[in-house]
Each structure stands twice: as C-alpha cells, then as structure tokens.
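Encoded as structure tokens, the structure appears first; notes follow it.
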Amino acid sequence: MTASPASKFAAVAEGRPSGGPYKICYELHGQGPNKVLLVMGLSGSLRAWDTTVQQLLARGGYEVCIFDNRGIGHSDAPGPGYTVKDMAQDAFELLQHLGWTRNVFVAGVSMGGMITQELVLLAPEGTFAAIVLISTHAGRTIPPLSTIFTFAGVLFGPQKSETEGFDTYCNLVFALPWLDQEAPGYKSNREMMHAHLKATMAEKGMQSKQGRDGQMAAIRGHYVSAAKLKKIGQLGVPVLVMTGTEDALIRPKNSHYIAKSIGCPIEVFERAGHGLAQERPHRFHELLTGTFAKSRAFVAVPHTPGEDSAVAAADVPISASS
C-alpha cells in the first residue's frame, strides 16, 4: 500500500494523556482564499472526499484539506483508549500545522460530523467561518436494529469475501434503489462503488481491526449536550445540517435534534441514504458551497470560462462516503 504522491504528514497528540504522538496523513488540493477542511467518517479514508474536492476545485477559489483520521489509511492507528474529542484535537493541530488559524470552512460527515462538533467547540472563536454537519449525531443514540445486526456480523461473523464486504458497505451507506440505478460507465451505482472501493483499498489498504475498534469505541463515547450544541449556534457563523430520509446508519431524527439545538437550518434529502455526496451530488454541493458563501469571510472569485461544464462533470460520484 503506497501513499499518493500528494500525501503529506503532520505529527499530532504530542504528550497527550490518551497517547501519542501520532502521524496524520493529509492532502492539499487547489489554490484560493477560501480554506476548507473536510472531515471523514468511520472507516473512511481521505479518498472518500474526492467527489467533493473535484466539485470545489471546479468552482475555483478554494484550497481544500482532506485527511485520514487516526485509525485509517496512512495515518497511525492506535486501538481503543481515545475519544472523538481527541480526534477533534488531531484536526485542530493539523490546522495549526497548516497555519490555518482563522476563517476556515469545515464540513464533517457521520463520525466526521461528531469530530466537527467537538472541533468547533474546542477551537478559538474565529477559527471557523462556516460549519456543515452531514448525516451525523450528537451521541446517546443507537442505530437501527438492522444495522446493529449487520455490524455484529462484521465484527463477530466469518470473514467475508471482498465482494461481500463491499456489498455490506454499500447496503449500509446508500439507499438500495440508488444502488440499482445505472451509472455512467457502469451497469449500476453498486458496480461503480465496488470499483472505487477496490481502487481505494489498493491505495489505502484495508482498515486494521485495531484501527476500526479504536474509532468505534470513540463513537460509542461521543456526546455533545444540547447546551454545547447551542454554543455552536452562538458562534455567529452559517451552520447547515443535512440528512437523508433513508439513512440506515444514523437515524434522521438525530440531525433534526442537532439542527433544533443549534438553531440552524436542516436540509432533508428524500429517499436518500447516508452517502449524500454520492447519491445527490448536485444538490449536496450546491448546499455546501452555498453555506460557505453566506459567511462574511467568504471571498468570491470571478467565474471562469467553462466553470459550469466543469461543475456539471464533477457531479458524477467518484468515491464512497462513510
């Protein structure tokens, strides 16, 4: 497993009680005044943001940081013993490493949304210019019963073949009708996702048991109170929550609770699952960039010839989201 030539590394968690230092793998894409940090979810590497990176670069004016959380890809993978707040501190130290100390635009999906909640609470006021929370929860919740059984099978059942593993992933992350639809260059979205999962695994490798157990233990302990969520709403920056009605991993009611507690808008994607960036790329990225553009810190750049066609081309989903 070989890291992409774009990969760089930052050291985090030096002297932290929960362990460290650890190496975090990250990539920077694009150039522009608007700095964007994208935070991925459980068992998802930085490659899972490729669709969104291409969308932002097609629009221009963005420099985007994507990274492997601890526990996945080319970042270090300590076992259980750390928290979501530790992962948020990793992300904050990555921002410090980059020199991104003011007016950062941040979006987090699933576990990445949990990390983002903790991140915006621990960072100094003014660090973030806009916040987008996608398919996530604030803690003290359980997934649907069918998902619990699926995870139990993954954790304690017999080893699955590569194809079976990809199918399990797809069935959890995406709405089943979408998986059966035809995709450009493929018979179905399911076939497309299998191809991209295979390519990601070739670059990033399979997540280790230790890495997965560490991330899952952190998620189980995650909790951000209503009072703390309210503080996010008091930061004075645009905040948006997104969810799909057919999310099989995190019940949509969790997103409604977060939005109500923060006091921010929520966008509901009818008949969509957990992976909104892949299932509904056009609407998802219009909402993401529209939220960024509402910030007083957002710097608009002139439209370039061919921008609309580049954005349309980037609407094609090209990777998986966890």
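In the structure tokens, chains take letters A, B, ... by order of appearance, with residues numbered from 1 within each chain and ligands from 1 in the order shown.
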
DSSP on the backbone, then: every residue of range 23-266 of chain A marked alpha helix (DSSP H), written as a PyMOL selection string. chain A and resi 50-59+84-98+111-122+145-156+162-173+176-180+189-204+209-220+226-233+252-262

Show me, as CSV, the residues of range 113-184 of chain A having an atom within 12 Å of range 42-53 of chain A, each with the closest atom pair and its distance in Å, using only C-alpha atoms.
residue,atom,partner,partner_atom,distance
A:Gly113,CA,A:Leu42,CA,10.3
A:Met114,CA,A:Leu42,CA,10.4
A:Ile115,CA,A:Leu42,CA,10.7
A:Ser135,CA,A:Leu42,CA,11.9
A:Thr136,CA,A:Leu42,CA,11.0
A:Tyr169,CA,A:Ser43,CA,10.2
A:Val173,CA,A:Leu42,CA,11.1

Same residues, N, CA, C and O atoms, output as a PDB file, in the first residue's frame:
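Here's the written file out-v3.pdb:
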ATOM      1  N   GLY A 113     -18.786  14.289  11.346  1.00  0.00           N
ATOM      2  CA  GLY A 113     -19.662  15.320  11.896  1.00  0.00           C
ATOM      3  C   GLY A 113     -19.546  15.400  13.403  1.00  0.00           C
ATOM      4  O   GLY A 113     -19.647  16.486  13.990  1.00  0.00           O
ATOM      5  N   MET A 114     -19.346  14.250  14.049  1.00  0.00           N
ATOM      6  CA  MET A 114     -19.132  14.235  15.501  1.00  0.00           C
ATOM      7  C   MET A 114     -17.816  14.936  15.842  1.00  0.00           C
ATOM      8  O   MET A 114     -17.738  15.748  16.777  1.00  0.00           O
ATOM      9  N   ILE A 115     -16.779  14.619  15.057  1.00  0.00           N
ATOM     10  CA  ILE A 115     -15.483  15.271  15.252  1.00  0.00           C
ATOM     11  C   ILE A 115     -15.619  16.778  15.058  1.00  0.00           C
ATOM     12  O   ILE A 115     -15.066  17.578  15.828  1.00  0.00           O
ATOM     13  N   SER A 135     -25.275  13.907   8.026  1.00  0.00           N
ATOM     14  CA  SER A 135     -25.573  12.512   8.398  1.00  0.00           C
ATOM     15  C   SER A 135     -24.878  12.124   9.702  1.00  0.00           C
ATOM     16  O   SER A 135     -24.122  11.142   9.763  1.00  0.00           O
ATOM     17  N   THR A 136     -25.142  12.867  10.761  1.00  0.00           N
ATOM     18  CA  THR A 136     -24.394  12.660  11.997  1.00  0.00           C
ATOM     19  C   THR A 136     -25.315  12.701  13.217  1.00  0.00           C
ATOM     20  O   THR A 136     -26.530  12.869  13.105  1.00  0.00           O
ATOM     21  N   TYR A 169     -21.037  -2.829   2.869  1.00  0.00           N
ATOM     22  CA  TYR A 169     -20.777  -1.394   2.980  1.00  0.00           C
ATOM     23  C   TYR A 169     -21.814  -0.594   2.191  1.00  0.00           C
ATOM     24  O   TYR A 169     -22.427   0.363   2.711  1.00  0.00           O
ATOM     25  N   VAL A 173     -24.576   2.270   3.508  1.00  0.00           N
ATOM     26  CA  VAL A 173     -24.288   3.675   3.242  1.00  0.00           C
ATOM     27  C   VAL A 173     -25.255   4.314   2.243  1.00  0.00           C
ATOM     28  O   VAL A 173     -25.548   5.508   2.336  1.00  0.00           O
TER      29      VAL A 173
END

If you run DSSP on this backbone, which residues of range 160-298 of chain A come out as strand (DSSP E), and could you give them as a PyMOL selection string? chain A and resi 239-244+266-269

Selection export as a short mmCIF file (atom, residue, chain, number, x, y, z; two decimals), in the first residue's frame, atoms kept: C-alpha atoms:
data_model
loop_
_atom_site.label_atom_id
_atom_site.label_comp_id
_atom_site.auth_asym_id
_atom_site.auth_seq_id
_atom_site.Cartn_x
_atom_site.Cartn_y
_atom_site.Cartn_z
CA VAL A 239 -24.33 26.39 10.04
CA LEU A 240 -26.20 23.78 8.00
CA VAL A 241 -27.28 20.22 8.85
CA MET A 242 -28.05 17.64 6.14
CA THR A 243 -29.69 14.21 6.34
CA GLY A 244 -31.33 11.58 4.13
CA ILE A 266 -31.70 21.49 8.07
CA GLU A 267 -31.88 20.12 4.53
CA VAL A 268 -33.64 16.75 4.17
CA PHE A 269 -32.92 14.58 1.13
#

Under the rule that only C-alpha atoms are counted, which of A:Leu176, A:Val224, A:Ala195, A:Ala77 is the nearest residue to Gly20 in chain A? A:Ala77

Using only C-alpha atoms, which of A:Ser18, A:Thr291, A:Gln31, A:Ser188 sits nearest Val132 in chain A? A:Thr291

With a distance cut-off of 12 Å and only C-alpha atoms, select the neighbouring residues of Asp247 in chain A, excluding the residue or stretch itself and same-chain residues fewer than 2 positions from it, and output the selection as number ranges by chain. A: 110, 134-136, 143-144, 146-147, 170-176, 242-245, 249-255, 268-276, 279, 322

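Going from CA of Ile262 in chain A to CA of Val237 in chain A covers 11.3 Å.
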